[in-house]
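So this block is my_file_29.cif, mmCIF, C-alpha atoms; chains and numbers go by the auth columns:
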data_start
loop_
_atom_site.group_PDB
_atom_site.id
_atom_site.type_symbol
_atom_site.label_atom_id
_atom_site.label_comp_id
_atom_site.label_asym_id
_atom_site.label_seq_id
_atom_site.Cartn_x
_atom_site.Cartn_y
_atom_site.Cartn_z
_atom_site.B_iso_or_equiv
_atom_site.auth_seq_id
_atom_site.auth_asym_id
ATOM 1 C CA MET A 1 -19.796 7.632 84.140 0.00 703 A
ATOM 2 C CA ALA A 2 -19.203 8.096 80.437 0.00 704 A
ATOM 3 C CA LYS A 3 -21.278 10.318 78.176 0.00 705 A
ATOM 4 C CA PRO A 4 -24.486 8.367 77.554 0.00 706 A
ATOM 5 C CA ALA A 5 -26.733 8.190 74.521 0.00 707 A
ATOM 6 C CA ARG A 6 -29.598 9.403 76.708 0.00 708 A
ATOM 7 C CA HIS A 7 -29.778 11.031 80.113 0.00 709 A
ATOM 8 C CA VAL A 8 -33.011 10.985 82.070 0.00 710 A
ATOM 9 C CA PHE A 9 -33.622 13.444 84.881 0.00 711 A
ATOM 10 C CA VAL A 10 -36.296 12.352 87.339 0.00 712 A
ATOM 11 C CA CYS A 11 -37.722 15.193 89.416 0.00 713 A
ATOM 12 C CA SER A 12 -37.503 14.485 93.140 0.00 714 A
ATOM 13 C CA GLN A 13 -38.560 17.946 94.313 0.00 715 A
ATOM 14 C CA ASN A 14 -40.463 18.156 97.581 0.00 716 A
ATOM 15 C CA ARG A 15 -42.285 21.176 98.972 0.00 717 A
ATOM 16 C CA PRO A 16 -44.143 21.601 102.271 0.00 718 A
ATOM 17 C CA ALA A 17 -47.726 20.385 102.498 0.00 719 A
ATOM 18 C CA GLY A 18 -50.065 23.132 101.330 0.00 720 A
ATOM 19 C CA HIS A 19 -47.444 24.904 99.195 0.00 721 A
ATOM 20 C CA PRO A 20 -49.295 26.604 96.305 0.00 722 A
ATOM 21 C CA ARG A 21 -47.067 25.077 93.640 0.00 723 A
ATOM 22 C CA GLY A 22 -47.277 21.555 94.958 0.00 724 A
ATOM 23 C CA SER A 23 -44.398 19.329 93.905 0.00 725 A
ATOM 24 C CA CYS A 24 -43.551 16.075 92.198 0.00 726 A
ATOM 25 C CA GLY A 25 -42.924 14.785 95.722 0.00 727 A
ATOM 26 C CA SER A 26 -46.523 15.385 96.713 0.00 728 A
ATOM 27 C CA LYS A 27 -47.615 13.726 93.459 0.00 729 A
ATOM 28 C CA GLY A 28 -45.832 10.510 94.356 0.00 730 A
ATOM 29 C CA CYS A 29 -42.532 10.811 92.495 0.00 731 A
ATOM 30 C CA SER A 30 -40.600 8.769 95.041 0.00 732 A
ATOM 31 C CA GLU A 31 -41.888 5.489 93.658 0.00 733 A
ATOM 32 C CA VAL A 32 -41.117 6.686 90.113 0.00 734 A
ATOM 33 C CA VAL A 33 -37.561 7.525 91.197 0.00 735 A
ATOM 34 C CA ASP A 34 -37.228 4.118 92.849 0.00 736 A
ATOM 35 C CA GLU A 35 -38.507 2.306 89.765 0.00 737 A
ATOM 36 C CA PHE A 36 -36.084 4.136 87.457 0.00 738 A
ATOM 37 C CA MET A 37 -33.174 3.315 89.749 0.00 739 A
ATOM 38 C CA GLN A 38 -34.195 -0.335 90.126 0.00 740 A
ATOM 39 C CA GLN A 39 -34.664 -0.870 86.392 0.00 741 A
ATOM 40 C CA TRP A 40 -31.380 0.919 85.661 0.00 742 A
ATOM 41 C CA MET A 41 -29.574 -1.495 87.967 0.00 743 A
ATOM 42 C CA GLN A 42 -31.432 -4.524 86.619 0.00 744 A
ATOM 43 C CA ARG A 43 -30.830 -3.589 82.979 0.00 745 A
ATOM 44 C CA GLN A 44 -27.147 -2.699 83.549 0.00 746 A
ATOM 45 C CA CYS A 45 -27.369 -0.228 80.683 0.00 747 A
ATOM 46 C CA PHE A 46 -24.929 2.256 82.143 0.00 748 A
ATOM 47 C CA ALA A 47 -23.119 2.926 78.867 0.00 749 A
ATOM 48 C CA GLN A 48 -26.324 3.900 77.072 0.00 750 A
ATOM 49 C CA VAL A 49 -28.391 5.592 79.777 0.00 751 A
ATOM 50 C CA LEU A 50 -27.763 7.776 82.812 0.00 752 A
ATOM 51 C CA VAL A 51 -30.442 8.304 85.438 0.00 753 A
ATOM 52 C CA THR A 52 -30.173 11.329 87.724 0.00 754 A
ATOM 53 C CA THR A 53 -32.613 12.832 90.185 0.00 755 A
ATOM 54 C CA SER A 54 -33.122 16.568 89.978 0.00 756 A
ATOM 55 C CA SER A 55 -34.841 19.528 91.511 0.00 757 A
ATOM 56 C CA CYS A 56 -37.845 21.151 89.802 0.00 758 A
ATOM 57 C CA ILE A 57 -37.937 20.863 86.014 0.00 759 A
ATOM 58 C CA GLY A 58 -41.295 22.311 85.188 0.00 760 A
ATOM 59 C CA PRO A 59 -45.019 21.969 85.558 0.00 761 A
ATOM 60 C CA CYS A 60 -45.413 20.861 89.179 0.00 762 A
ATOM 61 C CA SER A 61 -49.162 20.372 88.886 0.00 763 A
ATOM 62 C CA MET A 62 -48.562 17.777 86.172 0.00 764 A
ATOM 63 C CA GLY A 63 -45.922 15.804 88.054 0.00 765 A
ATOM 64 C CA PRO A 64 -44.254 13.439 88.419 0.00 766 A
ATOM 65 C CA ASN A 65 -42.194 14.953 85.597 0.00 767 A
ATOM 66 C CA ILE A 66 -39.168 13.467 83.917 0.00 768 A
ATOM 67 C CA LEU A 67 -36.966 14.972 81.235 0.00 769 A
ATOM 68 C CA VAL A 68 -34.881 13.140 78.650 0.00 770 A
ATOM 69 C CA TYR A 69 -31.864 14.688 76.934 0.00 771 A
ATOM 70 C CA PRO A 70 -30.413 15.255 74.390 0.00 772 A
ATOM 71 C CA GLU A 71 -33.887 15.269 72.819 0.00 773 A
ATOM 72 C CA GLY A 72 -35.345 17.506 75.509 0.00 774 A
ATOM 73 C CA VAL A 73 -38.534 15.446 75.843 0.00 775 A
ATOM 74 C CA LEU A 74 -40.597 16.195 78.957 0.00 776 A
ATOM 75 C CA TYR A 75 -42.919 13.510 80.253 0.00 777 A
ATOM 76 C CA SER A 76 -45.607 14.461 82.752 0.00 778 A
ATOM 77 C CA ASN A 77 -47.953 12.535 85.038 0.00 779 A
ATOM 78 C CA VAL A 78 -45.517 9.630 84.916 0.00 780 A
ATOM 79 C CA THR A 79 -46.345 6.613 87.058 0.00 781 A
ATOM 80 C CA LYS A 80 -44.291 3.665 88.201 0.00 782 A
ATOM 81 C CA ALA A 81 -46.157 1.594 85.607 0.00 783 A
ATOM 82 C CA ASP A 82 -44.837 3.807 82.773 0.00 784 A
ATOM 83 C CA VAL A 83 -41.147 3.293 83.499 0.00 785 A
ATOM 84 C CA THR A 84 -40.725 0.033 81.575 0.00 786 A
ATOM 85 C CA GLU A 85 -42.172 1.614 78.433 0.00 787 A
ATOM 86 C CA ILE A 86 -39.943 4.694 78.783 0.00 788 A
ATOM 87 C CA PHE A 87 -36.865 2.487 79.089 0.00 789 A
ATOM 88 C CA ASP A 88 -37.792 0.117 76.271 0.00 790 A
ATOM 89 C CA GLU A 89 -39.168 2.607 73.775 0.00 791 A
ATOM 90 C CA HIS A 90 -37.218 5.784 74.368 0.00 792 A
ATOM 91 C CA LEU A 91 -34.118 5.399 76.517 0.00 793 A
ATOM 92 C CA LEU A 92 -32.976 2.231 74.779 0.00 794 A
ATOM 93 C CA GLY A 93 -35.149 2.214 71.667 0.00 795 A
ATOM 94 C CA GLY A 94 -34.795 5.847 70.660 0.00 796 A
ATOM 95 C CA ASN A 95 -38.512 6.458 70.128 0.00 797 A
ATOM 96 C CA PRO A 96 -40.175 8.960 72.490 0.00 798 A
ATOM 97 C CA VAL A 97 -43.412 7.804 74.124 0.00 799 A
ATOM 98 C CA GLU A 98 -45.951 10.135 72.571 0.00 800 A
ATOM 99 C CA ARG A 99 -48.756 9.418 75.036 0.00 801 A
ATOM 100 C CA LEU A 100 -46.684 10.653 77.983 0.00 802 A
ATOM 101 C CA LYS A 101 -45.316 13.851 76.469 0.00 803 A
ATOM 102 C CA ALA A 102 -46.172 17.112 78.211 0.00 804 A
ATOM 103 C CA PRO A 103 -48.540 19.274 76.122 0.00 805 A
ATOM 104 C CA ALA A 104 -46.835 21.473 73.549 0.00 806 A
ATOM 105 C CA ASP A 105 -48.070 24.637 75.242 0.00 807 A
ATOM 106 C CA ILE A 106 -46.288 23.585 78.424 0.00 808 A
ATOM 107 C CA TRP A 107 -42.898 22.540 77.028 0.00 809 A
ATOM 108 C CA MET B 1 -41.127 26.824 82.539 0.00 1213 B
ATOM 109 C CA ALA B 2 -40.994 26.546 78.766 0.00 1214 B
ATOM 110 C CA LYS B 3 -38.526 24.436 76.840 0.00 1215 B
ATOM 111 C CA PRO B 4 -35.261 26.389 76.961 0.00 1216 B
ATOM 112 C CA ALA B 5 -32.459 26.705 74.420 0.00 1217 B
ATOM 113 C CA ARG B 6 -30.091 25.363 77.067 0.00 1218 B
ATOM 114 C CA HIS B 7 -30.550 23.565 80.347 0.00 1219 B
ATOM 115 C CA VAL B 8 -27.756 23.514 82.899 0.00 1220 B
ATOM 116 C CA PHE B 9 -27.699 20.904 85.650 0.00 1221 B
ATOM 117 C CA VAL B 10 -25.548 21.858 88.625 0.00 1222 B
ATOM 118 C CA CYS B 11 -24.547 18.905 90.804 0.00 1223 B
ATOM 119 C CA SER B 12 -25.467 19.430 94.439 0.00 1224 B
ATOM 120 C CA GLN B 13 -24.649 15.914 95.629 0.00 1225 B
ATOM 121 C CA ASN B 14 -23.410 15.533 99.184 0.00 1226 B
ATOM 122 C CA ARG B 15 -21.879 12.447 100.764 0.00 1227 B
ATOM 123 C CA PRO B 16 -20.681 11.857 104.320 0.00 1228 B
ATOM 124 C CA ALA B 17 -17.195 13.028 105.268 0.00 1229 B
ATOM 125 C CA GLY B 18 -14.677 10.319 104.449 0.00 1230 B
ATOM 126 C CA HIS B 19 -16.847 8.677 101.774 0.00 1231 B
ATOM 127 C CA PRO B 20 -14.468 7.105 99.233 0.00 1232 B
ATOM 128 C CA ARG B 21 -16.150 8.767 96.256 0.00 1233 B
ATOM 129 C CA GLY B 22 -16.204 12.227 97.767 0.00 1234 B
ATOM 130 C CA SER B 23 -18.824 14.524 96.280 0.00 1235 B
ATOM 131 C CA CYS B 24 -19.350 17.867 94.609 0.00 1236 B
ATOM 132 C CA GLY B 25 -20.648 18.982 98.006 0.00 1237 B
ATOM 133 C CA SER B 26 -17.302 18.308 99.654 0.00 1238 B
ATOM 134 C CA LYS B 27 -15.596 20.105 96.761 0.00 1239 B
ATOM 135 C CA GLY B 28 -17.533 23.293 97.456 0.00 1240 B
ATOM 136 C CA CYS B 29 -20.428 23.107 94.986 0.00 1241 B
ATOM 137 C CA SER B 30 -22.814 25.039 97.214 0.00 1242 B
ATOM 138 C CA GLU B 31 -21.293 28.369 96.260 0.00 1243 B
ATOM 139 C CA VAL B 32 -21.373 27.354 92.580 0.00 1244 B
ATOM 140 C CA VAL B 33 -25.065 26.482 92.918 0.00 1245 B
ATOM 141 C CA ASP B 34 -25.731 29.806 94.640 0.00 1246 B
ATOM 142 C CA GLU B 35 -23.871 31.764 91.958 0.00 1247 B
ATOM 143 C CA PHE B 36 -25.805 30.055 89.148 0.00 1248 B
ATOM 144 C CA MET B 37 -29.105 30.793 90.859 0.00 1249 B
ATOM 145 C CA GLN B 38 -28.204 34.414 91.608 0.00 1250 B
ATOM 146 C CA GLN B 39 -27.028 35.121 88.074 0.00 1251 B
ATOM 147 C CA TRP B 40 -30.088 33.395 86.628 0.00 1252 B
ATOM 148 C CA MET B 41 -32.324 35.702 88.662 0.00 1253 B
ATOM 149 C CA GLN B 42 -30.276 38.782 87.839 0.00 1254 B
ATOM 150 C CA ARG B 43 -30.150 38.035 84.110 0.00 1255 B
ATOM 151 C CA GLN B 44 -33.861 37.117 83.919 0.00 1256 B
ATOM 152 C CA CYS B 45 -33.075 34.805 81.020 0.00 1257 B
ATOM 153 C CA PHE B 46 -35.745 32.260 81.865 0.00 1258 B
ATOM 154 C CA ALA B 47 -36.887 31.756 78.282 0.00 1259 B
ATOM 155 C CA GLN B 48 -33.384 30.869 77.078 0.00 1260 B
ATOM 156 C CA VAL B 49 -31.882 29.041 80.042 0.00 1261 B
ATOM 157 C CA LEU B 50 -33.070 26.703 82.774 0.00 1262 B
ATOM 158 C CA VAL B 51 -30.940 26.029 85.840 0.00 1263 B
ATOM 159 C CA THR B 52 -31.626 22.890 87.871 0.00 1264 B
ATOM 160 C CA THR B 53 -29.714 21.261 90.678 0.00 1265 B
ATOM 161 C CA SER B 54 -29.165 17.544 90.404 0.00 1266 B
ATOM 162 C CA SER B 55 -27.744 14.501 92.075 0.00 1267 B
ATOM 163 C CA CYS B 56 -24.475 12.950 90.905 0.00 1268 B
ATOM 164 C CA ILE B 57 -23.642 13.424 87.227 0.00 1269 B
ATOM 165 C CA GLY B 58 -20.195 11.991 86.983 0.00 1270 B
ATOM 166 C CA PRO B 59 -16.605 12.290 88.087 0.00 1271 B
ATOM 167 C CA CYS B 60 -16.927 13.208 91.771 0.00 1272 B
ATOM 168 C CA SER B 61 -13.189 13.700 92.236 0.00 1273 B
ATOM 169 C CA MET B 62 -13.265 16.437 89.600 0.00 1274 B
ATOM 170 C CA GLY B 63 -16.236 18.317 91.034 0.00 1275 B
ATOM 171 C CA PRO B 64 -17.928 20.668 91.193 0.00 1276 B
ATOM 172 C CA ASN B 65 -19.414 19.322 87.955 0.00 1277 B
ATOM 173 C CA ILE B 66 -22.068 20.906 85.781 0.00 1278 B
ATOM 174 C CA LEU B 67 -23.703 19.547 82.658 0.00 1279 B
ATOM 175 C CA VAL B 68 -25.254 21.522 79.808 0.00 1280 B
ATOM 176 C CA TYR B 69 -27.871 20.073 77.469 0.00 1281 B
ATOM 177 C CA PRO B 70 -28.799 19.650 74.650 0.00 1282 B
ATOM 178 C CA GLU B 71 -25.085 19.691 73.776 0.00 1283 B
ATOM 179 C CA GLY B 72 -24.162 17.318 76.599 0.00 1284 B
ATOM 180 C CA VAL B 73 -21.115 19.343 77.650 0.00 1285 B
ATOM 181 C CA LEU B 74 -19.702 18.424 81.061 0.00 1286 B
ATOM 182 C CA TYR B 75 -17.668 21.022 82.915 0.00 1287 B
ATOM 183 C CA SER B 76 -15.516 19.935 85.852 0.00 1288 B
ATOM 184 C CA ASN B 77 -13.658 21.722 88.627 0.00 1289 B
ATOM 185 C CA VAL B 78 -16.032 24.656 88.191 0.00 1290 B
ATOM 186 C CA THR B 79 -15.652 27.557 90.595 0.00 1291 B
ATOM 187 C CA LYS B 80 -17.895 30.451 91.469 0.00 1292 B
ATOM 188 C CA ALA B 81 -15.576 32.646 89.384 0.00 1293 B
ATOM 189 C CA ASP B 82 -16.320 30.582 86.233 0.00 1294 B
ATOM 190 C CA VAL B 83 -20.080 31.077 86.270 0.00 1295 B
ATOM 191 C CA THR B 84 -20.142 34.428 84.464 0.00 1296 B
ATOM 192 C CA GLU B 85 -18.110 33.005 81.576 0.00 1297 B
ATOM 193 C CA ILE B 86 -20.338 29.916 81.336 0.00 1298 B
ATOM 194 C CA PHE B 87 -23.445 32.122 81.151 0.00 1299 B
ATOM 195 C CA ASP B 88 -21.996 34.636 78.694 0.00 1300 B
ATOM 196 C CA GLU B 89 -20.165 32.273 76.392 0.00 1301 B
ATOM 197 C CA HIS B 90 -22.160 29.069 76.438 0.00 1302 B
ATOM 198 C CA LEU B 91 -25.623 29.356 77.952 0.00 1303 B
ATOM 199 C CA LEU B 92 -26.424 32.616 76.191 0.00 1304 B
ATOM 200 C CA GLY B 93 -23.683 32.792 73.554 0.00 1305 B
ATOM 201 C CA GLY B 94 -23.825 29.213 72.317 0.00 1306 B
ATOM 202 C CA ASN B 95 -20.077 28.598 72.498 0.00 1307 B
ATOM 203 C CA PRO B 96 -18.894 25.980 75.016 0.00 1308 B
ATOM 204 C CA VAL B 97 -16.048 27.029 77.295 0.00 1309 B
ATOM 205 C CA GLU B 98 -13.243 24.757 76.154 0.00 1310 B
ATOM 206 C CA ARG B 99 -10.966 25.322 79.134 0.00 1311 B
ATOM 207 C CA LEU B 100 -13.571 23.972 81.562 0.00 1312 B
ATOM 208 C CA LYS B 101 -14.602 20.851 79.658 0.00 1313 B
ATOM 209 C CA ALA B 102 -14.088 17.513 81.376 0.00 1314 B
ATOM 210 C CA PRO B 103 -11.361 15.442 79.689 0.00 1315 B
ATOM 211 C CA ALA B 104 -12.506 13.384 76.704 0.00 1316 B
ATOM 212 C CA ASP B 105 -11.597 10.122 78.447 0.00 1317 B
ATOM 213 C CA ILE B 106 -13.993 11.010 81.285 0.00 1318 B
ATOM 214 C CA TRP B 107 -17.028 12.132 79.274 0.00 1319 B
#

As structure tokens:
Amino acid sequence: MAKPARHVFVCSQNRPAGHPRGSCGSKGCSEVVDEFMQQWMQRQCFAQVLVTTSSCIGPCSMGPNILVYPEGVLYSNVTKADVTEIFDEHLLGGNPVERLKAPADIW
Amino acid sequence: MAKPARHVFVCSQNRPAGHPRGSCGSKGCSEVVDEFMQQWMQRQCFAQVLVTTSSCIGPCSMGPNILVYPEGVLYSNVTKADVTEIFDEHLLGGNPVERLKAPADIW
């Protein structure tokens, strides 16, 4: 892997059922992870984008969360249906997706 | 968690024994992960620094690897003994630790 233009971290944190913090796992992040990985493979954009799963990156109640560096943009409540837009607009296009950004008081 | 000045991702990837890529797990990353987490708790620097474990971030044969954003600095062959310097110099001091940087042809 070479240093990419953008690196997206997709939270894959799980916690036990009933845990007070919840988790992106309990909010359905596994299908978001799968969609990022599938699109990454399909798009073959390995020189521009890295996709990595991670442990907890923030506001669990607003998950699934994903975080894009170097900009440090946190997206919350991400669904499988949002992944194409994140790839096209931000990861490859360079324009963060405003509608998916976590609130400013959160991040 | 609020947006930090620096976010360090510590690879915690494991692969089965004998896997041709190896992994940071087989290179002893668990004690590096533990040291980052312990120092993070001890230093209570949660507003300045976030520490997150992640899946694979790069050159497995040079692990344990850690990656610091927003700079995008990759450190390789990190040991437990290096963690204090990374916190003091880079994560809190703002000066990357040159001796631990991955080679330029890798990242």

Exercise. Counting all atoms listed in the file, which residues from chain A have an atom at most 7 Å from any atom of chain B, and could you show them as JSON, numbers by chain?
Worked result: {"A": [703, 704, 705, 754, 755, 756, 757, 758, 759, 760, 761, 771, 772, 773, 774, 808, 809]}

Given 6 Å of margin on each side, can you work out the centre and size in Å (one decimal) of an axis-aligned box holding every listed atom of range 1274-1289 of chain B, as lines of an AutoDock Vina configuration file?
center_x = -21.0
center_y = 19.1
center_z = 82.5
size_x = 27.5
size_y = 17.3
size_z = 29.4

Exercise. Taking into account all atoms listed in the file, which residue in the set A:Gly765, A:Ser728, A:Asn797, A:Lys803 is nearest to Tyr777 in chain A?
Worked result: A:Lys803

Exercise. Which distance in Å separates CA of Val1309 in chain B and CA of Gln750 in chain A, to one decimal?
Worked result: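 It comes out at 25.3 Å.
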
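When CA of Asn1289 in chain B is paired with CA of Arg1233 in chain B, their separation reads 15.2 Å.
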
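Note that CA of Gln744 in chain A and CA of Pro1315 in chain B are 29.1 Å apart.
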
For this session: For Lys1292 in chain B, please output as a list in words all residues within 8 Å (counting all atoms listed in the file; exclusion window: fewer than 6 positions along the same chain).
Result: Glu1243, Val1244 and Glu1247 of chain B

Output C-alpha atoms for every residue in the selection just made, as a tab-separated table (two decimals), keeping the file's coordinate frame.
chain	number	residue	atom	x	y	z
B	1243	GLU	CA	-21.29	28.37	96.26
B	1244	VAL	CA	-21.37	27.35	92.58
B	1247	GLU	CA	-23.87	31.76	91.96

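Using the PyMOL selection byres ((chain A and resi 786) around 12) on the file at hand returns these residues: Val734, Glu737, Phe738, Met739, Gln740, Gln741, Trp742, Gln744, Arg745, Val780, Thr781, Lys782, Ala783, Asp784, Val785, Glu787, Ile788, Phe789, Asp790, Glu791, His792, Leu793, Leu794, Gly795 and Val799 of chain A.
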
Can you write just those residues out, C-alpha atoms, as a PDB file, keeping the file's coordinate frame?
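And here is the file that came out, result_2.pdb:
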ATOM      1  CA  VAL A 734     -41.117   6.686  90.113  1.00  0.00           C
ATOM      2  CA  GLU A 737     -38.507   2.306  89.765  1.00  0.00           C
ATOM      3  CA  PHE A 738     -36.084   4.136  87.457  1.00  0.00           C
ATOM      4  CA  MET A 739     -33.174   3.315  89.749  1.00  0.00           C
ATOM      5  CA  GLN A 740     -34.195  -0.335  90.126  1.00  0.00           C
ATOM      6  CA  GLN A 741     -34.664  -0.870  86.392  1.00  0.00           C
ATOM      7  CA  TRP A 742     -31.380   0.919  85.661  1.00  0.00           C
ATOM      8  CA  GLN A 744     -31.432  -4.524  86.619  1.00  0.00           C
ATOM      9  CA  ARG A 745     -30.830  -3.589  82.979  1.00  0.00           C
ATOM     10  CA  VAL A 780     -45.517   9.630  84.916  1.00  0.00           C
ATOM     11  CA  THR A 781     -46.345   6.613  87.058  1.00  0.00           C
ATOM     12  CA  LYS A 782     -44.291   3.665  88.201  1.00  0.00           C
ATOM     13  CA  ALA A 783     -46.157   1.594  85.607  1.00  0.00           C
ATOM     14  CA  ASP A 784     -44.837   3.807  82.773  1.00  0.00           C
ATOM     15  CA  VAL A 785     -41.147   3.293  83.499  1.00  0.00           C
ATOM     16  CA  GLU A 787     -42.172   1.614  78.433  1.00  0.00           C
ATOM     17  CA  ILE A 788     -39.943   4.694  78.783  1.00  0.00           C
ATOM     18  CA  PHE A 789     -36.865   2.487  79.089  1.00  0.00           C
ATOM     19  CA  ASP A 790     -37.792   0.117  76.271  1.00  0.00           C
ATOM     20  CA  GLU A 791     -39.168   2.607  73.775  1.00  0.00           C
ATOM     21  CA  HIS A 792     -37.218   5.784  74.368  1.00  0.00           C
ATOM     22  CA  LEU A 793     -34.118   5.399  76.517  1.00  0.00           C
ATOM     23  CA  LEU A 794     -32.976   2.231  74.779  1.00  0.00           C
ATOM     24  CA  GLY A 795     -35.149   2.214  71.667  1.00  0.00           C
ATOM     25  CA  VAL A 799     -43.412   7.804  74.124  1.00  0.00           C
TER      26      VAL A 799
END

Problem set entry | Selection near Pro718 in chain A, 10 Å with all atoms listed in the file, sequence-local residues under 6 positions removed, as a PyMOL selection string | chain A and resi 724-725+727-728
